[in-house]
$ cat coords-v7.cif   # mmCIF, C-alpha atoms and all ligand atoms
data_entry
#
loop_
_atom_site.label_atom_id
_atom_site.label_comp_id
_atom_site.auth_asym_id
_atom_site.auth_seq_id
_atom_site.Cartn_x
_atom_site.Cartn_y
_atom_site.Cartn_z
CA MET G 1 0.00 0.00 0.00
CA LYS G 2 2.72 2.39 1.12
CA SER G 3 4.67 2.10 -2.10
CA ASP G 4 1.45 2.53 -4.16
CA TRP G 5 0.80 6.06 -2.96
CA ARG G 6 4.46 6.85 -3.36
CA VAL G 7 4.44 5.78 -7.00
CA GLU G 8 1.24 7.74 -7.52
CA ARG G 9 2.67 10.88 -5.92
CA ARG G 10 5.90 10.61 -7.91
CA ALA G 11 3.84 10.38 -11.11
CA GLN G 12 1.67 13.33 -10.05
CA LEU G 13 4.78 15.43 -9.41
CA ALA G 14 6.82 14.28 -12.43
CA HIS G 15 6.36 17.68 -14.10
CA ALA G 16 6.55 19.79 -10.95
CA PRO G 17 8.77 22.77 -11.90
CA PHE G 18 10.56 22.64 -8.54
CA LEU G 19 11.67 19.00 -8.99
CA GLN G 20 12.54 19.59 -12.65
CA ALA G 21 14.77 22.52 -11.68
CA CYS G 22 16.48 20.40 -9.00
CA ARG G 23 17.35 17.95 -11.80
CA LYS G 24 18.44 20.81 -14.11
CA GLU G 25 15.59 20.02 -16.51
CA LYS G 26 13.60 22.66 -18.38
CA SER G 27 10.33 23.62 -16.62
CA SER G 28 7.18 25.57 -17.54
CA HIS G 29 8.36 28.51 -15.39
CA THR G 30 11.09 29.24 -12.84
CA PRO G 31 9.90 27.61 -9.61
CA VAL G 32 9.78 29.82 -6.55
CA TRP G 33 9.54 29.17 -2.83
CA LEU G 34 10.88 31.22 0.08
CA MET G 35 12.87 30.07 3.08
CA ARG G 36 10.78 30.77 6.22
CA GLN G 37 7.70 31.18 4.01
CA ALA G 38 5.53 30.13 6.97
CA GLY G 39 6.12 32.39 9.94
CA ARG G 40 5.72 35.58 11.92
CA TYR G 41 5.14 37.92 8.95
CA GLN G 42 1.78 36.16 8.35
CA ALA G 43 -1.26 37.27 10.36
CA LYS G 44 -2.76 33.76 10.07
CA TYR G 45 0.43 32.21 11.44
CA ARG G 46 0.48 34.62 14.41
CA GLU G 47 -3.14 33.65 15.15
CA ILE G 48 -2.32 29.92 15.31
CA ARG G 49 1.00 30.50 17.09
CA ALA G 50 -0.77 32.49 19.87
CA LYS G 51 -2.24 29.20 21.15
CA TYR G 52 1.06 27.32 21.52
CA SER G 53 4.72 27.76 22.29
CA MET G 54 6.95 27.22 19.25
CA LEU G 55 8.01 23.76 20.50
CA GLU G 56 4.40 22.73 21.22
CA LEU G 57 3.34 23.86 17.76
CA CYS G 58 6.11 21.81 16.09
CA GLN G 59 4.89 18.67 17.92
CA HIS G 60 1.26 19.03 16.82
CA PRO G 61 0.89 17.29 13.39
CA GLU G 62 -2.53 18.80 12.52
CA GLU G 63 -1.36 22.36 13.28
CA VAL G 64 1.98 21.75 11.53
CA THR G 65 -0.05 20.73 8.47
CA ARG G 66 -2.17 23.91 8.63
CA VAL G 67 0.85 26.18 9.06
CA THR G 68 2.84 24.48 6.27
CA LEU G 69 -0.10 24.92 3.89
CA LEU G 70 -0.72 28.61 4.76
CA PRO G 71 1.80 30.18 2.34
CA ILE G 72 0.86 27.73 -0.44
CA GLU G 73 -2.82 28.62 -0.12
CA GLN G 74 -2.14 32.34 0.24
CA PHE G 75 0.65 32.90 -2.27
CA GLY G 76 0.92 29.77 -4.46
CA MET G 77 4.60 28.89 -4.09
CA ASP G 78 5.93 25.96 -6.16
CA ALA G 79 7.07 23.97 -3.11
CA ALA G 80 6.14 23.71 0.56
CA ILE G 81 8.64 23.30 3.39
CA LEU G 82 7.65 21.29 6.42
CA PHE G 83 6.94 23.64 9.32
CA SER G 84 9.36 22.64 12.06
CA ASP G 85 12.68 23.87 13.43
CA ILE G 86 16.26 22.63 13.15
CA THR G 87 16.35 22.22 16.94
CA ILE G 88 13.63 19.52 17.00
CA PRO G 89 16.15 16.59 17.06
CA TYR G 90 17.49 17.99 20.38
CA LEU G 91 14.22 16.64 21.86
CA GLY G 92 15.54 13.11 21.27
CA MET G 93 19.06 13.83 22.55
CA ASN G 94 18.27 14.51 26.19
CA ILE G 95 19.00 18.25 25.76
CA ASP G 96 17.15 20.75 27.92
CA PHE G 97 16.31 23.71 25.66
CA ASP G 98 13.64 26.14 24.58
CA ILE G 99 12.94 28.40 21.62
CA VAL G 100 12.66 31.82 23.23
CA PRO G 101 10.50 34.40 21.40
CA GLY G 102 12.62 37.17 19.90
CA VAL G 103 15.85 35.25 20.66
CA GLY G 104 15.84 31.74 19.16
CA PRO G 105 17.12 28.45 20.55
CA VAL G 106 18.50 28.59 24.13
CA ILE G 107 20.25 25.53 25.64
CA GLU G 108 20.14 25.07 29.42
CA SER G 109 23.65 23.53 29.77
CA PRO G 110 25.86 24.16 26.71
CA LEU G 111 28.40 21.43 25.88
CA LYS G 112 31.90 22.07 27.23
CA ASP G 113 33.92 18.88 26.74
CA GLU G 114 34.09 15.23 25.70
CA ALA G 115 32.17 14.10 28.82
CA ASP G 116 29.23 16.35 27.85
CA VAL G 117 29.36 14.97 24.31
CA GLY G 118 29.31 11.42 25.73
CA ARG G 119 26.06 12.15 27.58
CA LEU G 120 24.12 12.86 24.37
CA GLU G 121 21.68 10.03 23.73
CA LYS G 122 21.37 8.05 20.52
CA PHE G 123 17.77 7.79 19.45
CA CYS G 124 15.50 6.55 16.71
CA SER G 125 13.71 9.40 14.87
CA LYS G 126 10.86 7.11 13.84
CA GLU G 127 10.01 6.54 17.51
CA GLN G 128 10.99 9.71 19.39
CA LEU G 129 10.13 12.18 16.63
CA SER G 130 7.11 10.31 15.23
CA PHE G 131 5.07 13.56 15.20
CA VAL G 132 7.27 14.77 12.30
CA GLY G 133 6.46 11.67 10.23
CA GLU G 134 2.75 12.04 11.06
CA ALA G 135 2.71 15.66 9.85
CA ILE G 136 4.47 14.64 6.61
CA GLN G 137 1.89 11.91 5.99
CA LEU G 138 -0.99 14.33 6.55
CA LEU G 139 0.62 16.92 4.30
CA THR G 140 1.37 14.69 1.34
CA ARG G 141 -2.32 13.74 1.20
CA GLU G 142 -3.30 17.37 0.63
CA LEU G 143 -0.40 19.03 -1.11
CA LYS G 144 -0.34 19.40 -4.88
CA VAL G 145 3.23 20.73 -4.89
CA PRO G 146 6.43 19.02 -3.66
CA LEU G 147 7.14 18.94 0.07
CA ILE G 148 10.65 19.75 1.27
CA GLY G 149 11.89 18.09 4.46
CA PHE G 150 14.89 19.55 6.25
CA ALA G 151 17.44 19.39 9.04
CA GLY G 152 20.25 21.53 10.36
CA ALA G 153 23.74 20.48 9.25
CA PRO G 154 25.96 19.03 12.00
CA PHE G 155 28.02 22.25 12.34
CA THR G 156 24.95 24.47 12.74
CA MET G 157 23.42 21.96 15.19
CA ALA G 158 26.71 21.88 17.14
CA ALA G 159 26.83 25.69 17.11
CA TYR G 160 23.71 26.04 19.30
CA LEU G 161 24.75 23.12 21.52
CA ILE G 162 28.14 24.73 22.30
CA GLU G 163 27.26 28.46 22.25
CA GLY G 164 24.01 27.82 24.14
CA LYS G 165 22.22 30.55 22.13
CA PRO G 166 22.42 32.51 18.86
CA SER G 167 25.88 33.99 18.29
CA LYS G 168 27.51 36.47 15.89
CA ASP G 169 31.02 35.05 15.66
CA PHE G 170 30.67 31.52 17.11
CA LYS G 171 33.90 31.92 19.06
CA ASN G 172 33.07 29.19 21.57
CA VAL G 173 32.49 26.69 18.76
CA ARG G 174 35.74 27.73 17.08
CA LYS G 175 37.62 27.45 20.38
CA PHE G 176 36.08 24.04 21.01
CA LEU G 177 37.04 22.56 17.66
CA PHE G 178 40.67 23.75 17.76
CA GLN G 179 41.19 23.01 21.45
CA GLN G 180 39.38 19.64 21.63
CA PRO G 181 39.56 18.14 18.12
CA ASP G 182 38.78 14.60 19.29
CA ALA G 183 35.67 15.68 21.17
CA TRP G 184 34.70 17.79 18.14
CA HIS G 185 34.94 14.87 15.72
CA THR G 186 33.00 12.64 18.15
CA LEU G 187 30.27 15.30 18.30
CA MET G 188 30.19 15.78 14.50
CA SER G 189 30.08 12.05 13.96
CA TYR G 190 27.18 11.70 16.40
CA LEU G 191 25.26 14.61 14.83
CA THR G 192 25.88 13.22 11.34
CA ASP G 193 24.37 9.84 12.39
CA ILE G 194 21.35 11.58 13.92
CA THR G 195 20.83 13.77 10.86
CA ILE G 196 21.02 10.82 8.45
CA ASP G 197 18.47 8.89 10.53
CA TYR G 198 16.16 11.93 10.85
CA LEU G 199 16.21 12.86 7.15
CA LYS G 200 15.77 9.25 5.99
CA MET G 201 12.74 9.02 8.25
CA GLN G 202 11.31 12.15 6.55
CA VAL G 203 11.80 10.57 3.11
CA ASP G 204 10.16 7.32 4.31
CA ALA G 205 7.22 9.41 5.52
CA GLY G 206 6.88 11.05 2.09
CA VAL G 207 8.90 14.25 1.55
CA ASP G 208 9.89 14.90 -2.07
CA ALA G 209 13.20 16.72 -1.47
CA LEU G 210 15.54 17.53 1.42
CA GLN G 211 17.29 20.74 2.41
CA VAL G 212 20.29 20.73 4.75
CA PHE G 213 20.61 24.12 6.49
CA ASP G 214 24.21 24.94 7.40
CA SER G 215 23.09 28.45 8.26
CA TRP G 216 26.09 29.51 10.36
CA VAL G 217 28.95 27.76 8.53
CA GLY G 218 30.08 31.13 7.12
CA ALA G 219 31.85 31.66 10.48
CA LEU G 220 34.66 29.36 9.30
CA HIS G 221 37.78 29.67 7.12
CA PRO G 222 37.78 27.21 4.17
CA ARG G 223 40.76 25.36 5.69
CA THR G 224 38.83 24.86 8.92
CA TYR G 225 35.83 23.59 6.95
CA GLU G 226 38.01 21.14 5.05
CA GLU G 227 39.59 19.64 8.14
CA TYR G 228 36.79 19.75 10.70
CA LEU G 229 33.57 19.51 8.66
CA LEU G 230 34.12 18.11 5.18
CA PRO G 231 34.54 14.40 6.10
CA HIS G 232 31.28 14.50 8.07
CA MET G 233 29.37 16.48 5.44
CA SER G 234 30.56 14.11 2.70
CA ARG G 235 29.36 11.14 4.73
CA LEU G 236 26.00 12.85 5.29
CA PHE G 237 25.39 13.56 1.59
CA THR G 238 26.63 10.13 0.48
CA ALA G 239 24.21 8.44 2.88
CA LEU G 240 21.32 10.67 1.77
CA GLY G 241 22.05 9.97 -1.89
CA SER G 242 20.46 6.54 -1.47
CA THR G 243 17.06 8.15 -0.74
CA GLY G 244 16.75 9.20 -4.39
CA VAL G 245 15.22 12.62 -3.61
CA PRO G 246 16.95 15.89 -4.61
CA LEU G 247 19.28 17.30 -1.95
CA ILE G 248 19.64 21.06 -1.38
CA HIS G 249 22.72 22.30 0.49
CA PHE G 250 22.39 25.81 1.95
CA GLY G 251 24.48 28.12 4.09
CA THR G 252 25.01 31.86 4.59
CA GLY G 253 28.23 33.87 4.35
CA THR G 254 29.56 31.05 2.17
CA ALA G 255 31.22 32.92 -0.74
CA SER G 256 34.59 31.39 0.14
CA LEU G 257 33.14 27.97 0.99
CA LEU G 258 30.98 27.17 -2.04
CA SER G 259 33.41 24.84 -3.77
CA LEU G 260 33.92 22.88 -0.53
CA MET G 261 30.17 22.68 -0.02
CA ARG G 262 29.86 21.36 -3.55
CA ARG G 263 32.53 18.74 -2.78
CA ALA G 264 30.57 17.74 0.32
CA GLY G 265 27.46 17.14 -1.78
CA GLY G 266 24.04 18.33 -2.88
CA ASP G 267 22.17 18.46 -6.18
CA VAL G 268 21.28 22.10 -5.53
CA ILE G 269 23.54 24.65 -3.81
CA GLY G 270 21.84 27.55 -1.99
CA ILE G 271 23.43 30.98 -2.56
CA ASP G 272 22.87 33.71 0.05
CA TRP G 273 22.00 37.32 -0.81
CA ARG G 274 25.56 38.67 -0.37
CA THR G 275 27.05 36.41 -3.03
CA PRO G 276 26.94 37.04 -6.81
CA LEU G 277 24.69 34.34 -8.25
CA ARG G 278 26.12 34.00 -11.76
CA GLU G 279 29.73 34.01 -10.63
CA SER G 280 28.93 31.41 -7.98
CA TRP G 281 27.19 29.11 -10.44
CA ASP G 282 30.13 29.41 -12.86
CA ALA G 283 32.58 28.66 -10.05
CA LEU G 284 30.50 25.65 -8.98
CA GLY G 285 30.94 24.22 -12.46
CA ARG G 286 27.25 24.34 -13.52
CA GLU G 287 26.71 20.64 -12.94
CA CYS G 288 24.58 21.33 -9.90
CA ALA G 289 21.44 23.47 -9.77
CA VAL G 290 21.37 26.70 -7.74
CA GLN G 291 18.83 28.25 -5.39
CA GLY G 292 18.56 31.92 -4.43
CA ASN G 293 19.28 34.72 -4.00
CA PHE G 294 16.87 37.69 -3.71
CA ASP G 295 17.82 39.93 -0.77
CA PRO G 296 15.03 39.44 1.83
CA ALA G 297 15.34 43.11 2.87
CA VAL G 298 14.18 44.24 -0.59
CA LEU G 299 10.71 42.86 0.22
CA PHE G 300 10.31 45.95 2.45
CA ALA G 301 10.68 48.29 -0.57
CA ASP G 302 7.95 49.21 -3.08
CA THR G 303 6.93 46.83 -5.87
CA THR G 304 9.03 48.67 -8.48
CA ARG G 305 12.18 47.97 -6.46
CA ILE G 306 11.07 44.38 -5.80
CA GLN G 307 10.61 43.88 -9.53
CA GLN G 308 14.12 45.28 -10.23
CA GLU G 309 15.71 42.87 -7.75
CA ALA G 310 13.75 39.91 -9.16
CA ASP G 311 14.88 40.93 -12.67
CA ARG G 312 18.48 41.12 -11.43
CA VAL G 313 18.29 37.52 -10.14
CA LEU G 314 16.59 36.20 -13.29
CA LYS G 315 19.00 38.04 -15.60
CA GLU G 316 22.02 36.52 -13.85
CA ILE G 317 20.59 33.07 -14.59
CA GLY G 318 19.60 33.96 -18.16
CA GLY G 319 16.82 31.39 -18.41
CA GLU G 320 19.13 28.41 -18.04
CA PRO G 321 17.43 25.33 -16.49
CA GLY G 322 18.50 24.51 -12.95
CA HIS G 323 17.51 27.62 -11.02
CA ILE G 324 15.12 27.65 -8.08
CA PHE G 325 14.10 31.20 -7.25
CA ASN G 326 14.32 31.86 -3.51
CA LEU G 327 15.49 34.49 -1.07
CA GLY G 328 19.14 34.56 -0.01
CA HIS G 329 17.93 33.70 3.53
CA GLY G 330 14.58 33.57 5.34
CA VAL G 331 11.61 35.96 5.07
CA LEU G 332 12.15 38.64 7.73
CA PRO G 333 9.49 39.30 10.38
CA GLY G 334 7.44 42.38 9.42
CA THR G 335 7.67 41.69 5.66
CA PRO G 336 4.41 42.87 4.00
CA GLU G 337 2.37 39.84 2.95
CA ASP G 338 1.29 41.62 -0.26
CA HIS G 339 4.91 41.96 -1.29
CA VAL G 340 5.46 38.22 -0.88
CA ARG G 341 2.43 37.60 -3.11
CA PHE G 342 3.71 40.14 -5.65
CA LEU G 343 7.15 38.50 -5.82
CA VAL G 344 5.86 34.94 -6.21
CA GLU G 345 3.39 35.94 -8.95
CA TYR G 346 5.94 38.14 -10.71
CA VAL G 347 8.53 35.35 -10.94
CA GLN G 348 5.99 32.75 -12.08
CA GLU G 349 4.40 35.04 -14.68
CA THR G 350 7.51 36.61 -16.20
CA THR G 351 9.28 33.29 -16.60
CA ALA G 352 6.28 31.32 -17.95
CA GLY G 353 7.04 29.90 -21.38
CA ALA G 354 10.30 31.87 -21.54
O1 LIG G 401 6.97 31.90 16.01
C1 LIG G 401 8.07 32.10 16.56
O2 LIG G 401 8.25 32.94 17.45
C2 LIG G 401 9.22 31.25 16.26
C3 LIG G 401 10.09 31.78 15.18
C4 LIG G 401 10.59 30.58 14.43
C5 LIG G 401 9.97 29.99 13.31
C6 LIG G 401 8.74 30.44 12.59
C7 LIG G 401 11.70 29.80 14.78
C8 LIG G 401 12.61 29.99 15.95
N1 LIG G 401 11.78 28.75 13.87
C9 LIG G 401 10.75 28.84 12.97
C10 LIG G 401 10.41 27.88 11.88
C11 LIG G 401 11.48 27.34 11.06
N2 LIG G 401 12.79 27.22 11.43
C12 LIG G 401 11.34 26.77 9.77
C13 LIG G 401 10.01 26.48 9.05
C14 LIG G 401 9.37 27.63 8.42
C15 LIG G 401 9.52 27.84 6.97
O3 LIG G 401 10.64 27.84 6.43
O4 LIG G 401 8.49 28.09 6.33
C16 LIG G 401 12.60 26.39 9.33
C17 LIG G 401 12.98 25.80 8.00
C18 LIG G 401 13.49 26.66 10.39
C19 LIG G 401 14.90 26.31 10.36
C20 LIG G 401 15.83 27.02 11.28
N3 LIG G 401 15.69 27.27 12.62
C21 LIG G 401 17.11 27.42 10.89
C22 LIG G 401 17.66 27.23 9.51
C23 LIG G 401 17.08 28.24 8.59
C24 LIG G 401 17.66 29.61 8.68
O5 LIG G 401 16.90 30.54 8.86
O6 LIG G 401 18.91 29.71 8.59
C25 LIG G 401 17.73 27.99 11.99
C26 LIG G 401 19.12 28.58 12.07
C27 LIG G 401 16.83 27.89 13.09
C28 LIG G 401 17.06 28.31 14.49
C29 LIG G 401 16.03 29.27 14.92
N4 LIG G 401 14.77 28.92 15.31
C30 LIG G 401 14.03 30.03 15.58
C31 LIG G 401 14.86 31.16 15.36
C32 LIG G 401 14.43 32.59 15.53
C33 LIG G 401 16.11 30.69 14.92
C34 LIG G 401 17.32 31.52 14.51
C35 LIG G 401 18.04 32.04 15.70
C36 LIG G 401 19.43 32.59 15.38
O7 LIG G 401 19.51 33.73 14.86
O8 LIG G 401 20.42 31.88 15.66
#

$ encode --input "coords-v7.cif" --output "structure tokens"
Amino acid sequence: MKSDWRVERRAQLAHAPFLQACRKEKSSHTPVWLMRQAGRYQAKYREIRAKYSMLELCQHPEEVTRVTLLPIEQFGMDAAILFSDITIPYLGMNIDFDIVPGVGPVIESPLKDEADVGRLEKFCSKEQLSFVGEAIQLLTRELKVPLIGFAGAPFTMAAYLIEGKPSKDFKNVRKFLFQQPDAWHTLMSYLTDITIDYLKMQVDAGVDALQVFDSWVGALHPRTYEEYLLPHMSRLFTALGSTGVPLIHFGTGTASLLSLMRRAGGDVIGIDWRTPLRESWDALGRECAVQGNFDPAVLFADTTRIQQEADRVLKEIGGEPGHIFNLGHGVLPGTPEDHVRFLVEYVQETTAGA
């Protein structure tokens, strides 16, 4: 039975522009979705969110389904992203934490050494995080566009565990990795195992693509990435390759890291808003697809300026297959909802049949 609906869904989505672009195939228009497309900028989200804490909301499959569908129903993006948070696997690791409004993830006792790393528990995502699989199953029954599952990359997951909260320069993480390389590699290895298990569970439950968010990796020098992250990231992407779904690899502040990220893996590389899109794609060798990179701050300007920035992104790509239109990072709180609608429609309409 399970494989029947999967075959049916694959057939239904065979011509989905988002999946075609991931495979670098020509599509009817340039697909568009926005990181953080479900969230605080939406009045309907704020209404639902008022009833729960962020962590409660993420563990409620029916509400997760409603929130994930909100931007698709309102603005018609070409893909949905599961509403959740990268910190959710901490729930299975025996980590005491909360997502504090206006701050982000806060860890009660940040990791300091090998002994702390040794206390992290191995777990089975299918059992401990079953609410994620349930939400995915509910969603794939309703959604007519592809569903993206996601997780934080091991470095970004380790960053919160060691810093204890959001950070600008991640100096405690950098100190940790240079000072305690063995503990660091044990931690990365553990987080890589967890992430593989968690993302495979999401594919088993029905997601059509995966995005790995290495949001804070831009804090590192390429040499540091190569020595302390690359072996783990390569193992992660190799293991995920067997799922058969497209893999998107995203980070911010990554201009100097893109070729290493490409070596690590991913069918699609995410480009942030600071980084020239065309140059990056050329440097990546054009064998992968790219995603990005409209500056999220431009959504606060008038529609003429929004149109100019969208044209800038589309012109850099020049109509070549293999581009997923997205922001260079998430939608910012306070973004006018009408401007999100304008951008999505503008991209879909101007690229149709081009
Ligand atoms: O409603 C609220 O007050 C909570 C705000 C919020 C939301 C809406 C947080 C706390 N997380 C989320 C949802 C979320 N997080 C999604 C699904 C929504 C969607 O995309 O439509 C996703 C994909 C994430 C992933 C996430 N969480 C990342 C990676 C993406 C990125 O933006 O780089 C990161 C770094 C986090 C940590 C996190 N969770 C929440 C906040 C405010 C943060 C960032 C904190 C920081 O600056 O370090």

$ residues_near_ligand --input "coords-v7.cif" --ligand "ligand LIG 401 (chain G)" --cutoff "6 Å" --atoms "all atoms listed in the file" --output "VMD selection string"
chain G and resid 35 to 40 54 81 83 to 86 99 101 103 to 105 166 213 215 330

$ write_last_selection --input "coords-v7.cif" --atoms "C-alpha atoms" --output "PDB file, in the frame of the given file"
ATOM      1  CA  MET G  35      12.870  30.070   3.080  1.00  0.00           C
ATOM      2  CA  ARG G  36      10.780  30.770   6.220  1.00  0.00           C
ATOM      3  CA  GLN G  37       7.700  31.180   4.010  1.00  0.00           C
ATOM      4  CA  ALA G  38       5.530  30.130   6.970  1.00  0.00           C
ATOM      5  CA  GLY G  39       6.120  32.390   9.940  1.00  0.00           C
ATOM      6  CA  ARG G  40       5.720  35.580  11.920  1.00  0.00           C
ATOM      7  CA  MET G  54       6.950  27.220  19.250  1.00  0.00           C
ATOM      8  CA  ILE G  81       8.640  23.300   3.390  1.00  0.00           C
ATOM      9  CA  PHE G  83       6.940  23.640   9.320  1.00  0.00           C
ATOM     10  CA  SER G  84       9.360  22.640  12.060  1.00  0.00           C
ATOM     11  CA  ASP G  85      12.680  23.870  13.430  1.00  0.00           C
ATOM     12  CA  ILE G  86      16.260  22.630  13.150  1.00  0.00           C
ATOM     13  CA  ILE G  99      12.940  28.400  21.620  1.00  0.00           C
ATOM     14  CA  PRO G 101      10.500  34.400  21.400  1.00  0.00           C
ATOM     15  CA  VAL G 103      15.850  35.250  20.660  1.00  0.00           C
ATOM     16  CA  GLY G 104      15.840  31.740  19.160  1.00  0.00           C
ATOM     17  CA  PRO G 105      17.120  28.450  20.550  1.00  0.00           C
ATOM     18  CA  PRO G 166      22.420  32.510  18.860  1.00  0.00           C
ATOM     19  CA  PHE G 213      20.610  24.120   6.490  1.00  0.00           C
ATOM     20  CA  SER G 215      23.090  28.450   8.260  1.00  0.00           C
ATOM     21  CA  GLY G 330      14.580  33.570   5.340  1.00  0.00           C
TER      22      GLY G 330
END

$ residues_around --input "coords-v7.cif" --residues "Tyr346 (chain G)" --least-positions-apart "2" --cutoff "12 Å" --atoms "all atoms listed in the file" --output "list of chain:residue names"
G:His29, G:Thr30, G:Pro31, G:Val32, G:Phe75, G:Gly76, G:Met77, G:Thr303, G:Thr304, G:Ile306, G:Gln307, G:Gln308, G:Glu309, G:Ala310, G:Asp311, G:Leu314, G:Phe325, G:Asp338, G:His339, G:Val340, G:Arg341, G:Phe342, G:Leu343, G:Val344, G:Gln348, G:Glu349, G:Thr350, G:Thr351, G:Ala352

$ write_last_selection --input "coords-v7.cif" --atoms "C-alpha atoms" --output "compact mmCIF listing (two decimals), keeping the file's coordinate frame"
# COMPACT_ATOMS: atom_id res chain seq x y z
CA HIS G 29 8.36 28.51 -15.39
CA THR G 30 11.09 29.24 -12.84
CA PRO G 31 9.90 27.61 -9.61
CA VAL G 32 9.78 29.82 -6.55
CA PHE G 75 0.65 32.90 -2.27
CA GLY G 76 0.92 29.77 -4.46
CA MET G 77 4.60 28.89 -4.09
CA THR G 303 6.93 46.83 -5.87
CA THR G 304 9.03 48.67 -8.48
CA ILE G 306 11.07 44.38 -5.80
CA GLN G 307 10.61 43.88 -9.53
CA GLN G 308 14.12 45.28 -10.23
CA GLU G 309 15.71 42.87 -7.75
CA ALA G 310 13.75 39.91 -9.16
CA ASP G 311 14.88 40.93 -12.67
CA LEU G 314 16.59 36.20 -13.29
CA PHE G 325 14.10 31.20 -7.25
CA ASP G 338 1.29 41.62 -0.26
CA HIS G 339 4.91 41.96 -1.29
CA VAL G 340 5.46 38.22 -0.88
CA ARG G 341 2.43 37.60 -3.11
CA PHE G 342 3.71 40.14 -5.65
CA LEU G 343 7.15 38.50 -5.82
CA VAL G 344 5.86 34.94 -6.21
CA GLN G 348 5.99 32.75 -12.08
CA GLU G 349 4.40 35.04 -14.68
CA THR G 350 7.51 36.61 -16.20
CA THR G 351 9.28 33.29 -16.60
CA ALA G 352 6.28 31.32 -17.95

$ closest_residue --input "coords-v7.cif" --among "G:Ala153, G:Phe131, G:Leu199, G:Thr224" --to "Val212 (chain G)" --atoms "all atoms listed in the file"
G:Ala153

$ atom_distance --input "coords-v7.cif" --atom1 "CA of Leu82 (chain G)" --atom2 "CA of Val7 (chain G)"
20.8 Å

$ atom_distance --input "coords-v7.cif" --atom1 "CA of Leu139 (chain G)" --atom2 "CA of Cys124 (chain G)"
22.0 Å

$ residues_around --input "coords-v7.cif" --residues "region 45-48 of chain G" --least-positions-apart "2" --cutoff "10 Å" --atoms "only C-alpha atoms" --output "PyMOL selection string"
chain G and resi 38-43+50-52+57+63-64+66-68+70-71

$ closest_residue --input "coords-v7.cif" --among "G:Val117, G:Ala14, G:Ala21, G:Leu332" --to "Leu299 (chain G)" --atoms "all atoms listed in the file"
G:Leu332

$ atom_distance --input "coords-v7.cif" --atom1 "CA of Met201 (chain G)" --atom2 "CA of Ser130 (chain G)"
9.1 Å

$ residues_near_point --input "coords-v7.cif" --point "(36.2, 20.5, 19.0)" --cutoff "10 Å" --atoms "all atoms listed in the file" --output "list in words"
Lys112, Asp113, Glu114, Ala158, Ile162, Asn172, Val173, Arg174, Lys175, Phe176, Leu177, Phe178, Gln179, Gln180, Pro181, Asp182, Ala183, Trp184, His185, Thr186, Leu187, Met188 and Tyr228 of chain G

$ residues_around --input "coords-v7.cif" --residues "Ala239 (chain G)" --least-positions-apart "2" --cutoff "12 Å" --atoms "all atoms listed in the file" --output "list in words"
Thr192, Asp193, Ile194, Thr195, Ile196, Asp197, Tyr198, Leu199, Lys200, His232, Met233, Ser234, Arg235, Leu236, Phe237, Gly241, Ser242, Thr243, Gly244, Val245, Leu247, Ala264, Gly265 and Gly266 of chain G

$ closest_residue --input "coords-v7.cif" --among "G:Pro321, G:Gly149, G:Gly251, G:Gly164" --to "Arg23 (chain G)" --atoms "only C-alpha atoms"
G:Pro321

$ decode --input "coords-v7.cif" --residues "region 2-12 of chain G" --atoms "N, CA and C atoms" --output "PDB file, in the first residue's frame"
ATOM      1  N   LYS G   2       1.870   1.228   0.939  1.00  0.00           N
ATOM      2  CA  LYS G   2       2.718   2.395   1.120  1.00  0.00           C
ATOM      3  C   LYS G   2       3.411   2.786  -0.192  1.00  0.00           C
ATOM      4  N   SER G   3       3.943   1.759  -0.888  1.00  0.00           N
ATOM      5  CA  SER G   3       4.667   2.096  -2.104  1.00  0.00           C
ATOM      6  C   SER G   3       3.707   2.542  -3.210  1.00  0.00           C
ATOM      7  N   ASP G   4       2.429   2.118  -3.152  1.00  0.00           N
ATOM      8  CA  ASP G   4       1.452   2.534  -4.159  1.00  0.00           C
ATOM      9  C   ASP G   4       1.265   4.045  -4.175  1.00  0.00           C
ATOM     10  N   TRP G   5       1.016   4.614  -2.964  1.00  0.00           N
ATOM     11  CA  TRP G   5       0.799   6.063  -2.956  1.00  0.00           C
ATOM     12  C   TRP G   5       2.050   6.815  -3.318  1.00  0.00           C
ATOM     13  N   ARG G   6       3.195   6.191  -3.013  1.00  0.00           N
ATOM     14  CA  ARG G   6       4.460   6.853  -3.357  1.00  0.00           C
ATOM     15  C   ARG G   6       4.637   6.922  -4.882  1.00  0.00           C
ATOM     16  N   VAL G   7       4.330   5.822  -5.535  1.00  0.00           N
ATOM     17  CA  VAL G   7       4.443   5.781  -7.000  1.00  0.00           C
ATOM     18  C   VAL G   7       3.466   6.789  -7.604  1.00  0.00           C
ATOM     19  N   GLU G   8       2.262   6.822  -7.029  1.00  0.00           N
ATOM     20  CA  GLU G   8       1.239   7.741  -7.521  1.00  0.00           C
ATOM     21  C   GLU G   8       1.665   9.205  -7.365  1.00  0.00           C
ATOM     22  N   ARG G   9       2.230   9.500  -6.172  1.00  0.00           N
ATOM     23  CA  ARG G   9       2.667  10.880  -5.921  1.00  0.00           C
ATOM     24  C   ARG G   9       3.840  11.267  -6.825  1.00  0.00           C
ATOM     25  N   ARG G  10       4.763  10.334  -7.010  1.00  0.00           N
ATOM     26  CA  ARG G  10       5.901  10.607  -7.906  1.00  0.00           C
ATOM     27  C   ARG G  10       5.391  10.937  -9.317  1.00  0.00           C
ATOM     28  N   ALA G  11       4.369  10.160  -9.764  1.00  0.00           N
ATOM     29  CA  ALA G  11       3.835  10.380 -11.110  1.00  0.00           C
ATOM     30  C   ALA G  11       3.148  11.746 -11.184  1.00  0.00           C
ATOM     31  N   GLN G  12       2.396  12.063 -10.110  1.00  0.00           N
ATOM     32  CA  GLN G  12       1.674  13.334 -10.046  1.00  0.00           C
ATOM     33  C   GLN G  12       2.647  14.528 -10.104  1.00  0.00           C
TER      34      GLN G  12
END
